file structure-v8.cif (mmCIF, C-alpha atoms)
data_my_file
#
loop_
_atom_site.label_atom_id
_atom_site.label_comp_id
_atom_site.auth_asym_id
_atom_site.auth_seq_id
_atom_site.Cartn_x
_atom_site.Cartn_y
_atom_site.Cartn_z
CA MET T 16 12.96 53.48 22.00
CA ILE T 17 11.60 51.54 25.00
CA ILE T 18 10.40 48.72 22.75
CA LEU T 19 13.81 48.58 21.04
CA LEU T 20 15.53 48.42 24.44
CA PHE T 21 13.43 45.42 25.48
CA ALA T 22 13.78 43.78 22.08
CA CYS T 23 17.59 43.91 22.27
CA VAL T 24 17.63 42.40 25.76
CA PHE T 25 15.17 39.67 24.76
CA VAL T 26 17.12 38.69 21.64
CA LEU T 27 20.40 38.51 23.54
CA LEU T 28 18.78 36.35 26.22
CA LEU T 29 17.49 33.95 23.56
CA LEU T 30 21.00 33.76 22.12
CA GLY T 31 22.25 32.56 25.51
CA PHE T 32 24.10 35.59 26.82
CA PRO T 33 24.21 35.99 30.64
CA VAL T 34 21.27 37.97 31.99
CA ALA T 35 23.33 40.48 34.00
CA PHE T 36 25.57 41.41 31.07
CA CYS T 37 22.59 41.64 28.70
CA LEU T 38 20.90 44.10 31.03
CA GLY T 39 23.94 46.16 31.91
CA GLY T 40 25.57 46.10 28.47
CA VAL T 41 22.45 47.02 26.50
CA ALA T 42 21.54 49.72 29.02
CA VAL T 43 24.98 51.35 28.87
CA LEU T 44 25.03 51.26 25.06
CA PHE T 45 21.60 52.88 24.86
CA GLY T 46 22.70 55.44 27.46
CA LEU T 47 25.82 56.35 25.51
CA PHE T 48 23.87 57.07 22.33
CA HIS T 49 20.94 58.87 23.91
CA GLU T 50 21.39 62.36 25.28
CA GLY T 51 18.59 62.09 27.82
CA VAL T 52 20.31 59.37 29.88
CA ASN T 53 22.57 60.37 32.77
CA LEU T 54 24.98 57.43 33.17
CA ALA T 55 26.96 59.41 35.77
CA LEU T 56 24.38 58.21 38.32
CA LEU T 57 25.23 54.55 37.70
CA PRO T 58 28.27 54.31 40.07
CA ALA T 59 26.21 55.77 42.92
CA ARG T 60 23.45 53.22 42.28
CA THR T 61 25.97 50.38 42.20
CA PHE T 62 27.51 51.41 45.50
CA GLY T 63 24.01 51.79 46.90
CA ILE T 64 23.41 48.11 46.19
CA MET T 65 26.66 47.08 47.85
CA ASP T 66 25.92 49.26 50.89
CA ASN T 67 22.45 47.79 51.39
CA GLU T 68 22.54 46.04 54.77
CA VAL T 69 19.35 44.06 54.03
CA LEU T 70 21.04 42.29 51.11
CA VAL T 71 23.81 41.02 53.42
CA ALA T 72 21.22 38.44 54.49
CA VAL T 73 21.33 36.86 51.01
CA PRO T 74 24.80 35.23 51.19
CA LEU T 75 24.27 34.22 54.82
CA PHE T 76 20.93 32.50 54.14
CA VAL T 77 22.43 30.87 51.02
CA TYR T 78 25.31 29.61 53.16
CA MET T 79 22.84 28.27 55.71
CA GLY T 80 20.84 26.45 53.05
CA VAL T 81 23.82 24.89 51.30
CA MET T 82 25.37 23.84 54.61
CA LEU T 83 22.14 22.16 55.75
CA GLU T 84 21.92 20.41 52.39
CA ARG T 85 25.31 18.80 53.11
CA SER T 86 24.54 17.99 56.74
CA GLY T 87 22.30 14.96 56.16
CA ILE T 88 19.47 16.54 58.14
CA ALA T 89 17.00 16.20 55.26
CA GLU T 90 17.68 12.48 54.95
CA SER T 91 17.27 11.97 58.69
CA MET T 92 13.98 13.89 58.80
CA LEU T 93 12.53 12.04 55.80
CA GLU T 94 13.38 8.62 57.21
CA THR T 95 11.98 9.45 60.63
CA MET T 96 8.82 11.08 59.29
CA ALA T 97 8.21 8.08 57.04
CA LEU T 98 8.36 5.82 60.09
CA ILE T 99 5.89 8.01 61.99
CA PHE T 100 3.32 8.04 59.15
CA GLY T 101 4.30 4.70 57.67
CA ARG T 102 1.11 2.86 58.67
CA VAL T 103 -1.09 5.54 57.09
CA ARG T 104 -2.07 5.37 53.44
CA GLY T 105 -0.20 8.12 51.69
CA GLY T 106 2.12 8.38 54.70
CA LEU T 107 5.27 8.71 52.60
CA ALA T 108 3.77 11.54 50.55
CA ILE T 109 2.60 13.26 53.76
CA SER T 110 6.14 12.93 55.08
CA VAL T 111 7.55 14.54 51.94
CA VAL T 112 5.23 17.55 52.27
CA LEU T 113 5.95 18.06 55.97
CA VAL T 114 9.71 17.70 55.54
CA GLY T 115 9.53 19.99 52.50
CA GLY T 116 7.90 22.62 54.68
CA LEU T 117 10.55 22.21 57.39
CA LEU T 118 13.36 22.38 54.84
CA ALA T 119 11.78 25.50 53.35
CA ALA T 120 11.79 27.11 56.79
CA SER T 121 15.41 26.07 57.24
CA THR T 122 17.02 26.68 53.87
CA GLY T 123 14.87 28.79 51.55
CA ILE T 124 16.63 27.44 48.42
CA VAL T 125 14.19 25.81 46.00
CA GLY T 126 16.61 24.06 43.64
CA ALA T 127 18.53 22.39 46.45
CA THR T 128 15.32 21.28 48.18
CA VAL T 129 13.77 19.74 45.03
CA VAL T 130 16.98 17.90 44.17
CA THR T 131 17.50 16.66 47.73
CA MET T 132 13.89 15.48 48.08
CA GLY T 133 14.03 13.85 44.66
CA LEU T 134 17.20 11.92 45.41
CA LEU T 135 16.02 10.77 48.84
CA SER T 136 12.30 10.10 48.48
CA LEU T 137 11.59 9.44 44.78
CA PRO T 138 13.14 5.92 44.66
CA THR T 139 11.54 4.97 47.98
CA MET T 140 8.04 6.09 46.99
CA LEU T 141 8.26 4.26 43.66
CA LYS T 142 9.50 1.12 45.41
CA ARG T 143 6.54 1.26 47.81
CA GLY T 144 4.04 1.30 44.92
CA TYR T 145 3.14 5.00 44.77
CA SER T 146 1.89 6.22 41.41
CA LYS T 147 4.50 8.07 39.38
CA GLU T 148 2.24 11.09 39.01
CA LEU T 149 1.53 11.49 42.74
CA THR T 150 5.19 10.90 43.57
CA THR T 151 6.61 13.48 41.20
CA GLY T 152 3.89 16.05 41.85
CA THR T 153 4.32 15.84 45.61
CA ILE T 154 8.10 16.19 45.47
CA ALA T 155 8.12 19.10 43.02
CA ALA T 156 5.39 21.01 44.85
CA SER T 157 6.92 20.43 48.29
CA GLY T 158 10.33 21.53 47.06
CA THR T 159 9.02 24.90 45.92
CA LEU T 160 7.60 25.76 49.37
CA GLY T 161 10.94 27.49 49.92
CA GLN T 162 9.66 30.26 47.63
CA ILE T 163 7.01 31.36 50.10
CA ILE T 164 7.93 30.00 53.54
CA PRO T 165 10.57 32.19 55.24
CA PRO T 166 13.52 32.59 55.34
CA SER T 167 12.99 32.75 51.58
CA ILE T 168 15.54 34.48 49.35
CA VAL T 169 12.58 35.48 47.15
CA LEU T 170 10.98 37.38 50.05
CA ILE T 171 14.24 39.15 50.89
CA LEU T 172 14.73 40.38 47.32
CA LEU T 173 11.05 41.30 46.93
CA GLY T 174 11.14 43.29 50.16
CA ASN T 175 14.17 45.17 48.85
CA VAL T 176 12.53 45.98 45.51
CA LEU T 177 9.14 46.93 46.97
CA ASN T 178 10.72 48.85 49.85
CA VAL T 179 8.86 46.70 52.39
CA PRO T 180 10.63 45.56 55.61
CA VAL T 181 11.87 42.01 55.15
CA GLY T 182 10.70 41.10 58.65
CA HIS T 183 7.15 42.05 57.64
CA MET T 184 7.48 39.98 54.45
CA PHE T 185 8.59 36.95 56.47
CA LYS T 186 5.77 37.32 58.97
CA ALA T 187 3.14 37.92 56.29
CA ALA T 188 4.18 34.82 54.32
CA MET T 189 3.72 32.38 57.20
CA LEU T 190 -0.06 31.90 56.91
CA PRO T 191 -0.10 31.53 53.10
CA GLY T 192 2.74 29.02 53.38
CA LEU T 193 0.91 27.00 56.03
CA ILE T 194 -2.30 27.12 53.96
CA LEU T 195 -0.42 25.63 51.02
CA VAL T 196 0.99 22.84 53.19
CA GLY T 197 -2.49 22.11 54.55
CA LEU T 198 -4.05 22.00 51.07
CA TYR T 199 -1.29 19.68 49.83
CA LEU T 200 -1.97 17.31 52.73
CA LEU T 201 -5.73 17.38 52.07
CA TRP T 202 -5.15 16.45 48.43
CA ILE T 203 -2.84 13.56 49.33
CA ALA T 204 -5.31 12.30 51.94
CA GLY T 205 -8.08 12.43 49.32
CA VAL T 206 -6.01 10.48 46.79
CA ALA T 207 -5.11 7.88 49.41
CA PHE T 208 -8.78 7.48 50.38
CA PHE T 209 -10.32 7.30 46.90
CA ARG T 210 -7.38 5.62 45.12
CA PRO T 211 -5.58 3.57 47.79
CA GLY T 212 -3.49 1.78 45.18
CA SER T 213 -1.78 5.08 44.29
CA ALA T 214 -0.61 5.74 47.84
CA PRO T 215 -0.24 2.52 49.87
CA ALA T 216 0.94 2.26 53.46
CA MET T 217 4.41 0.93 54.28
CA PRO T 218 4.63 -2.77 55.22
CA ALA T 219 4.35 -3.22 58.97
CA SER T 220 7.50 -5.35 59.05
CA GLU T 221 9.64 -2.44 57.88
CA ILE T 222 8.62 -0.09 60.64
CA ALA T 223 8.14 -2.57 63.49
CA ALA T 224 11.81 -2.33 64.49
CA PHE T 225 11.44 1.40 65.16
CA GLN T 226 8.13 1.31 66.99
CA GLY T 227 9.66 0.33 70.30
CA GLY T 228 8.99 3.17 72.75
CA GLY T 229 12.18 4.99 73.63
CA ARG T 230 13.99 4.20 70.39
CA LEU T 231 11.36 5.86 68.23
CA ILE T 232 11.08 8.86 70.55
CA ALA T 233 14.85 9.27 70.65
CA ARG T 234 15.06 9.10 66.87
CA VAL T 235 12.31 11.71 66.45
CA ILE T 236 14.02 14.06 68.90
CA LYS T 237 17.39 13.60 67.23
CA ALA T 238 15.98 14.19 63.74
CA PHE T 239 13.67 17.15 64.39
CA LEU T 240 14.81 19.02 67.48
CA PRO T 241 18.01 20.59 66.00
CA PRO T 242 16.44 21.98 62.79
CA VAL T 243 13.35 23.18 64.68
CA VAL T 244 15.54 24.96 67.22
CA LEU T 245 17.47 26.58 64.37
CA MET T 246 14.23 27.62 62.65
CA VAL T 247 12.86 29.12 65.88
CA ALA T 248 16.14 30.92 66.57
CA VAL T 249 16.17 32.51 63.11
CA LEU T 250 12.50 33.31 62.52
CA GLY T 251 11.61 33.78 66.20
CA SER T 252 14.29 36.40 66.68
CA ILE T 253 12.98 38.30 63.64
CA PHE T 254 9.30 38.10 64.61
CA ALA T 255 10.03 39.05 68.22
CA GLY T 256 12.00 42.09 67.11
CA ILE T 257 15.16 40.87 68.79
CA ALA T 258 17.19 40.73 65.58
CA SER T 259 16.95 42.11 62.07
CA PRO T 260 16.78 39.62 59.17
CA THR T 261 20.46 40.30 58.48
CA GLU T 262 21.45 39.55 62.07
CA ALA T 263 19.21 36.48 62.15
CA SER T 264 20.82 35.19 58.94
CA ALA T 265 24.19 35.22 60.71
CA VAL T 266 22.65 33.17 63.54
CA GLY T 267 21.30 30.74 60.94
CA ALA T 268 24.65 30.39 59.18
CA LEU T 269 26.43 29.64 62.46
CA GLY T 270 23.66 27.29 63.57
CA ALA T 271 23.77 25.34 60.30
CA THR T 272 27.53 24.91 60.68
CA ILE T 273 27.11 23.61 64.24
CA LEU T 274 24.37 21.17 63.16
CA THR T 275 26.56 19.85 60.36
CA ALA T 276 29.37 19.33 62.85
CA LEU T 277 27.00 17.51 65.24
CA HIS T 278 26.01 15.18 62.40
CA ARG T 279 29.72 14.55 61.80
CA LYS T 280 29.50 15.87 58.24
CA LEU T 281 31.63 18.99 58.72
CA SER T 282 35.01 18.68 57.02
CA LEU T 283 37.37 20.83 55.03
CA LYS T 284 35.93 19.34 51.84
CA THR T 285 32.38 20.19 52.92
CA LEU T 286 33.40 23.70 53.92
CA ARG T 287 35.07 24.29 50.56
CA HIS T 288 31.99 23.07 48.71
CA VAL T 289 29.67 25.28 50.76
CA MET T 290 31.94 28.32 50.31
CA ARG T 291 32.15 27.81 46.55
CA GLU T 292 28.39 27.37 46.17
CA THR T 293 27.66 30.38 48.37
CA THR T 294 30.13 32.57 46.50
CA SER T 295 28.79 31.44 43.13
CA LEU T 296 25.12 32.00 43.97
CA THR T 297 25.76 35.29 45.75
CA SER T 298 27.91 36.63 42.92
CA MET T 299 25.19 35.71 40.44
CA VAL T 300 22.58 37.57 42.48
CA PHE T 301 24.64 40.73 42.92
CA ILE T 302 25.90 40.99 39.35
CA ILE T 303 22.28 40.76 38.22
CA LEU T 304 21.45 43.55 40.69
CA VAL T 305 24.11 45.76 39.14
CA GLY T 306 22.87 45.03 35.62
CA ALA T 307 19.28 45.65 36.72
CA ALA T 308 20.31 48.99 38.29
CA ALA T 309 21.80 50.12 34.96
CA PHE T 310 18.73 48.90 33.08
CA SER T 311 16.27 50.65 35.40
CA LEU T 312 18.28 53.92 35.20
CA VAL T 313 18.18 53.94 31.41
CA PHE T 314 14.57 52.73 31.37
CA ARG T 315 13.43 55.67 33.50
CA ASP T 316 15.49 58.26 31.65
CA LEU T 317 14.01 57.08 28.34
CA GLY T 318 10.50 57.70 29.68
CA GLY T 319 9.73 54.11 30.56
CA GLU T 320 7.60 55.04 33.57
CA ASP T 321 5.24 57.12 31.43
CA TYR T 322 5.09 54.35 28.83
CA MET T 323 4.14 51.71 31.42
CA ARG T 324 1.65 54.09 33.05
CA ASP T 325 -0.15 54.40 29.72
CA LEU T 326 0.08 50.68 28.98
CA LEU T 327 -1.14 49.25 32.30
CA PRO T 328 -4.62 49.73 33.81
CA ASP T 329 -4.86 52.48 36.41
CA PRO T 330 -4.59 50.70 39.80
CA ASN T 331 -6.57 53.47 41.47
CA GLU T 332 -9.52 52.95 39.11
CA SER T 333 -9.63 49.17 38.79
CA HIS T 334 -7.68 47.10 41.34
CA GLY T 335 -8.93 43.88 39.79
CA ARG T 336 -7.76 44.57 36.23
CA TYR T 337 -4.45 45.96 37.48
CA LEU T 338 -3.70 42.91 39.64
CA LEU T 339 -4.82 40.53 36.89
CA VAL T 340 -2.44 42.06 34.35
CA ILE T 341 0.49 42.06 36.80
CA MET T 342 -0.15 38.47 37.87
CA LEU T 343 -0.38 37.28 34.26
CA VAL T 344 2.83 39.06 33.25
CA ILE T 345 4.77 37.58 36.20
CA PHE T 346 3.24 34.13 35.68
CA VAL T 347 4.28 34.02 32.02
CA ALA T 348 7.72 35.49 32.79
CA GLY T 349 8.27 32.65 35.28
CA PHE T 350 8.18 30.19 32.38
CA PHE T 351 11.31 31.62 30.82
CA ILE T 352 13.53 33.39 33.37
CA ASP T 353 14.61 32.85 36.97
CA PHE T 354 12.97 34.57 39.94
CA ILE T 355 15.95 36.90 40.46
CA GLU T 356 15.60 38.34 36.96
CA ILE T 357 11.83 38.65 37.39
CA ILE T 358 12.21 40.51 40.69
CA TYR T 359 14.83 42.94 39.41
CA ILE T 360 13.69 43.35 35.79
CA VAL T 361 9.99 42.64 35.41
CA ILE T 362 8.66 43.93 38.73
CA PRO T 363 10.39 47.35 38.65
CA VAL T 364 9.09 47.80 35.09
CA ILE T 365 5.45 46.91 35.79
CA LEU T 366 5.58 48.89 39.04
CA ALA T 367 7.20 51.91 37.39
CA ALA T 368 4.08 53.83 38.38
CA PRO T 369 3.60 52.55 41.95
CA PRO T 370 -0.04 52.08 42.98
CA THR T 371 -1.27 54.28 45.80
CA GLU T 372 -4.32 52.19 46.72
CA VAL T 373 -2.69 48.75 46.70
CA ASN T 374 -0.82 47.57 49.80
CA LEU T 375 2.71 46.65 48.71
CA LEU T 376 3.14 43.99 51.42
CA TRP T 377 0.02 42.19 50.20
CA LEU T 378 1.14 42.64 46.59
CA GLY T 379 4.58 41.23 47.44
CA ILE T 380 3.10 38.02 48.90
CA LEU T 381 0.82 37.64 45.87
CA ILE T 382 3.87 37.99 43.61
CA ALA T 383 5.83 35.42 45.63
CA MET T 384 2.98 32.90 45.43
CA ASN T 385 2.59 33.61 41.73
CA LEU T 386 6.29 32.98 41.13
CA GLN T 387 6.00 29.70 43.01
CA THR T 388 3.09 28.67 40.76
CA SER T 389 4.90 29.56 37.54
CA PHE T 390 7.91 27.50 38.62
CA LEU T 391 5.65 24.44 38.74
CA THR T 392 3.80 25.00 35.48
CA PRO T 393 4.67 22.97 32.35
CA PRO T 394 6.38 23.13 29.99
CA PHE T 395 9.08 25.42 31.43
CA GLY T 396 8.65 25.12 35.22
CA PHE T 397 12.12 25.21 36.77
CA ALA T 398 11.20 22.85 39.61
CA LEU T 399 10.13 20.25 37.04
CA PHE T 400 13.53 20.47 35.33
CA TYR T 401 15.30 20.06 38.68
CA LEU T 402 13.26 16.94 39.44
CA LYS T 403 13.67 15.44 35.97
CA GLY T 404 17.44 15.84 36.33
CA VAL T 405 17.58 13.46 39.31
CA ALA T 406 14.68 11.14 38.37
CA PRO T 407 15.31 7.52 37.32
CA PRO T 408 14.80 6.57 33.65
CA GLU T 409 11.31 5.16 34.22
CA ILE T 410 10.06 8.63 35.17
CA LYS T 411 9.10 10.36 31.93
CA THR T 412 8.49 14.05 31.48
CA LEU T 413 4.79 13.32 30.92
CA HIS T 414 4.55 11.72 34.39
CA ILE T 415 5.92 14.89 35.96
CA TYR T 416 3.57 17.11 33.93
CA ARG T 417 0.52 15.05 34.87
CA GLY T 418 1.53 14.84 38.50
CA ILE T 419 1.97 18.55 38.98
CA VAL T 420 -1.45 19.62 37.58
CA PRO T 421 -3.42 19.10 40.85
CA PHE T 422 -0.79 21.01 42.81
CA ILE T 423 -0.93 23.90 40.34
CA ALA T 424 -4.69 24.01 40.95
CA ILE T 425 -4.01 24.07 44.71
CA GLN T 426 -1.54 26.93 44.22
CA ILE T 427 -4.16 28.90 42.29
CA ILE T 428 -6.76 28.25 45.02
CA ALA T 429 -4.35 29.50 47.69
CA LEU T 430 -3.53 32.56 45.56
CA ILE T 431 -7.24 33.34 45.19
CA LEU T 432 -7.74 32.97 48.96
CA VAL T 433 -5.00 35.51 49.66
CA LEU T 434 -6.44 37.77 46.95
CA LEU T 435 -9.95 37.61 48.43
CA PHE T 436 -8.88 37.75 52.08
CA PRO T 437 -6.00 40.26 52.39
CA ASP T 438 -6.05 39.90 56.19
CA LEU T 439 -4.26 36.57 55.74
CA VAL T 440 -1.27 38.79 54.93
CA LEU T 441 -1.99 42.20 56.41
CA TRP T 442 -2.14 40.95 59.99
CA ALA T 443 1.65 41.12 59.89
CA ILE T 444 1.63 44.93 59.70
CA PRO T 445 2.21 46.49 63.16
CA THR T 446 -0.79 48.46 64.37
CA ASP T 447 1.14 50.84 66.64
#

call {"tool": "encode", "arguments": {"input": "structure-v8.cif", "output": "C-alpha cells"}}
result
Amino acid sequence: MIILLFACVFVLLLLGFPVAFCLGGVAVLFGLFHEGVNLALLPARTFGIMDNEVLVAVPLFVYMGVMLERSGIAESMLETMALIFGRVRGGLAISVVLVGGLLAASTGIVGATVVTMGLLSLPTMLKRGYSKELTTGTIAASGTLGQIIPPSIVLILLGNVLNVPVGHMFKAAMLPGLILVGLYLLWIAGVAFFRPGSAPAMPASEIAAFQGGGRLIARVIKAFLPPVVLMVAVLGSIFAGIASPTEASAVGALGATILTALHRKLSLKTLRHVMRETTSLTSMVFIILVGAAAFSLVFRDLGGEDYMRDLLPDPNESHGRYLLVIMLVIFVAGFFIDFIEIIYIVIPVILAAPPTEVNLLWLGILIAMNLQTSFLTPPFGFALFYLKGVAPPEIKTLHIYRGIVPFIAIQIIALILVLLFPDLVLWAIPTD
C-alpha cells in the first residue's frame, strides 16, 4: 500500500499536476478507502501549521528578499566591489562571490539571487575576457549560498520539520557558509594564477576615476553600510537572544523597505510587485505544507514508519551507512523537485524513525548543504536553469555544466568537512 501511495504521487507529478494537490488529493483518497486512516485529525494538523509562530518568519523574510531585489542594492554592491578588486586577476569573480555571500545573508532567496547576479555580472565578466565556464560556475555557485547562509528559508523550514530551534540552525550554518565562500575564493585565485587568461584584471583606465581617496571611500560606505547594518540587525538580534527569528524577520522586512526608499526605488508599483511576489511564494509554501500534512498523516496510519524502519539502515548501529543513504536520497531528489517538497515530503519519510544517536542540528546542516549541492548538479540543477534563463545566446548549456563541476567538488569537500568535524556545527548549541 505504501509503494502504491508513492507511485500515485510520482506519476501525477510527472504528468505536471501541482505538488501540493498531488500530495493532499492522493492522501485523502487513500484515507477514504482505507479503514486504518483517521482523516478526522487532518483539520487539527492544518490549523497547527497556520498557528505555528516560527513559520510567520517565512513571508517576512520572503518580503525582505524581494524588496531588496528591487532596491538596486545588489547592483551597487557589485559595481563597488568590482572597483575594489578590479586590479586583481580574477577580481570580478571574487566580487561576485563576496556579493553573493552578502546577498545570501540579506535575502535568503536562491532564485532571485542567481537571476540578479546573472543579469548584472554575466555580461560584464564576458566583456572583460573571463572564460565562459568560470563566469557561469561562479555566478551559479554564489547564487546558491542563500541555501546555507542565514536568514535562509531552507533553514527555517528544516528547523520546523526537525524540531530544532531556528536560531540554532542560523547560528550553526554560519561557519559552513563561510567555509564555502573561502573555498570558492581559493579556487578562483588558483584559476587566476595558473590560467590568467581565464580571469584577467580590469583595465586600469576604467577604475582610475574611482580611485581618488574620498570618492572611493564614500562609494564603498554608501554601497555596503546599509545592507551590512540590516544583516547585523537581523542576525545579530537572533544570535544575541534579543529577538526570535520571527521578530527579527519583521525587523528585516521594515529595514528592506527603508533601504529601498533611501535608494529612491520605493514606489506604489514596486510595493505592488513585492506584495504579489511575497503572497505568491508564501501561498505556495503553505499549501504544500497542508498537502504534506495530509500525506504524512496517511503515510503513518498506513504503517509507513515501520516500512521505512525496515528499509533504512539502523542509525544506532551504523551512523555512516545511515547518513550515506539519507544524503544520497536527498541529493537525487534535488534533481527533480524543489527544496520545499524535499523538506516536507522526503525528509519526514526518511526520518520516520528518528535516530537517537544522531544530532538533529548537525543532520539539518548536512541536509541543507546537500540540497545546495544538488541544486548545482547537472542535468537538473535548478540554479543552472535560473542562470540559463538570463544568459546571452553565446552561453550554451554545456558551458554552464562545465563551469559548475569544480564548484560541485568544492561543495562535496565542504560537506565532508562538516561530516568529519561536527564541531563546525555543534558549537552553536548552548552549553548551559

call {"tool": "closest_residue", "arguments": {"input": "structure-v8.cif", "among": "T:Gly161, T:Gly256, T:Gly31, T:Pro74", "to": "Val300 in chain T", "atoms": "all atoms listed in the file"}}
result
T:Pro74

call {"tool": "residues_around", "arguments": {"input": "structure-v8.cif", "residues": "range 152-159 of chain T", "least_positions_apart": "4", "cutoff": "6 Å", "atoms": "all atoms listed in the file", "output": "list of chain:residue names"}}
result
T:Val112, T:Gly115, T:Val125, T:Thr128, T:Val129, T:Glu148, T:Ala398, T:Gly418, T:Ile419

call {"tool": "resolve_selection", "arguments": {"input": "structure-v8.cif", "expression": "the PyMOL selection byres ((chain T and resi 204-209) around 9)", "output": "PyMOL selection string"}}
result
chain T and resi 103-106+109+149+199-203+210-215

call {"tool": "closest_residue", "arguments": {"input": "structure-v8.cif", "among": "T:Gly349, T:Pro58, T:Gly80, T:Gly133", "to": "Leu245 in chain T", "atoms": "all atoms listed in the file"}}
result
T:Gly80

call {"tool": "residues_around", "arguments": {"input": "structure-v8.cif", "residues": "range 180-191 of chain T", "least_positions_apart": "5", "cutoff": "7 Å", "atoms": "all atoms listed in the file", "output": "list in words"}}
result
Ile163, Ile164, Pro165, Pro166, Leu170, Ile171, Gly174, Ile253, Phe254, Pro260, Leu376, Ile380, Leu439, Val440, Leu441, Ala443 and Ile444 of chain T

call {"tool": "resolve_selection", "arguments": {"input": "structure-v8.cif", "expression": "the PyMOL selection byres ((chain T and resi 344) around 12)", "output": "list in words"}}
result
Leu327, Tyr337, Leu338, Leu339, Val340, Ile341, Met342, Leu343, Ile345, Phe346, Val347, Ala348, Gly349, Phe350, Phe351, Ile357, Ile360, Val361, Ile362, Val364, Ile365, Leu366, Ile382, Asn385, Leu386 and Ser389 of chain T

call {"tool": "resolve_selection", "arguments": {"input": "structure-v8.cif", "expression": "the PyMOL selection byres ((chain T and resi 92-99) around 7)", "output": "PyMOL selection string"}}
result
chain T and resi 88-91+100-101+106-107+110-111+114+222+234-235+238-239

call {"tool": "atom_distance", "arguments": {"input": "structure-v8.cif", "atom1": "CA of Leu269 in chain T", "atom2": "CA of Thr294 in chain T"}}
result
16.6 Å

call {"tool": "closest_residue", "arguments": {"input": "structure-v8.cif", "among": "T:Leu399, T:Ala216, T:Leu286, T:Ile358", "to": "Arg417 in chain T", "atoms": "all atoms listed in the file"}}
result
T:Leu399

call {"tool": "closest_residue", "arguments": {"input": "structure-v8.cif", "among": "T:Ser282, T:Thr150, T:Leu44, T:Ile423", "to": "Phe390 in chain T", "atoms": "all atoms listed in the file"}}
result
T:Ile423

call {"tool": "build_atoms", "arguments": {"input": "structure-v8.cif", "residues": "range 334-347 of chain T", "atoms": "N, CA and C atoms", "output": "PDB file, keeping the file's coordinate frame"}}
result
ATOM      1  N   HIS T 334      -8.660  47.974  40.689  1.00  0.00           N
ATOM      2  CA  HIS T 334      -7.680  47.100  41.340  1.00  0.00           C
ATOM      3  C   HIS T 334      -7.646  45.729  40.678  1.00  0.00           C
ATOM      4  N   GLY T 335      -8.853  45.222  40.335  1.00  0.00           N
ATOM      5  CA  GLY T 335      -8.930  43.880  39.790  1.00  0.00           C
ATOM      6  C   GLY T 335      -8.188  43.735  38.470  1.00  0.00           C
ATOM      7  N   ARG T 336      -8.443  44.642  37.525  1.00  0.00           N
ATOM      8  CA  ARG T 336      -7.760  44.570  36.230  1.00  0.00           C
ATOM      9  C   ARG T 336      -6.253  44.754  36.396  1.00  0.00           C
ATOM     10  N   TYR T 337      -5.868  45.691  37.251  1.00  0.00           N
ATOM     11  CA  TYR T 337      -4.450  45.960  37.480  1.00  0.00           C
ATOM     12  C   TYR T 337      -3.732  44.728  38.024  1.00  0.00           C
ATOM     13  N   LEU T 338      -4.319  44.100  39.049  1.00  0.00           N
ATOM     14  CA  LEU T 338      -3.700  42.910  39.640  1.00  0.00           C
ATOM     15  C   LEU T 338      -3.692  41.749  38.648  1.00  0.00           C
ATOM     16  N   LEU T 339      -4.758  41.623  37.862  1.00  0.00           N
ATOM     17  CA  LEU T 339      -4.820  40.530  36.890  1.00  0.00           C
ATOM     18  C   LEU T 339      -3.710  40.656  35.860  1.00  0.00           C
ATOM     19  N   VAL T 340      -3.496  41.853  35.342  1.00  0.00           N
ATOM     20  CA  VAL T 340      -2.440  42.060  34.350  1.00  0.00           C
ATOM     21  C   VAL T 340      -1.068  41.769  34.950  1.00  0.00           C
ATOM     22  N   ILE T 341      -0.812  42.287  36.155  1.00  0.00           N
ATOM     23  CA  ILE T 341       0.490  42.060  36.800  1.00  0.00           C
ATOM     24  C   ILE T 341       0.719  40.580  37.055  1.00  0.00           C
ATOM     25  N   MET T 342      -0.297  39.891  37.577  1.00  0.00           N
ATOM     26  CA  MET T 342      -0.150  38.470  37.870  1.00  0.00           C
ATOM     27  C   MET T 342       0.102  37.655  36.605  1.00  0.00           C
ATOM     28  N   LEU T 343      -0.585  37.999  35.527  1.00  0.00           N
ATOM     29  CA  LEU T 343      -0.380  37.280  34.260  1.00  0.00           C
ATOM     30  C   LEU T 343       1.019  37.503  33.708  1.00  0.00           C
ATOM     31  N   VAL T 344       1.488  38.753  33.759  1.00  0.00           N
ATOM     32  CA  VAL T 344       2.830  39.060  33.250  1.00  0.00           C
ATOM     33  C   VAL T 344       3.889  38.275  34.039  1.00  0.00           C
ATOM     34  N   ILE T 345       3.784  38.278  35.362  1.00  0.00           N
ATOM     35  CA  ILE T 345       4.770  37.580  36.200  1.00  0.00           C
ATOM     36  C   ILE T 345       4.670  36.065  36.000  1.00  0.00           C
ATOM     37  N   PHE T 346       3.442  35.565  35.878  1.00  0.00           N
ATOM     38  CA  PHE T 346       3.240  34.130  35.680  1.00  0.00           C
ATOM     39  C   PHE T 346       3.908  33.658  34.392  1.00  0.00           C
ATOM     40  N   VAL T 347       3.685  34.391  33.309  1.00  0.00           N
ATOM     41  CA  VAL T 347       4.280  34.020  32.020  1.00  0.00           C
ATOM     42  C   VAL T 347       5.800  34.188  32.066  1.00  0.00           C
TER      43      VAL T 347
END
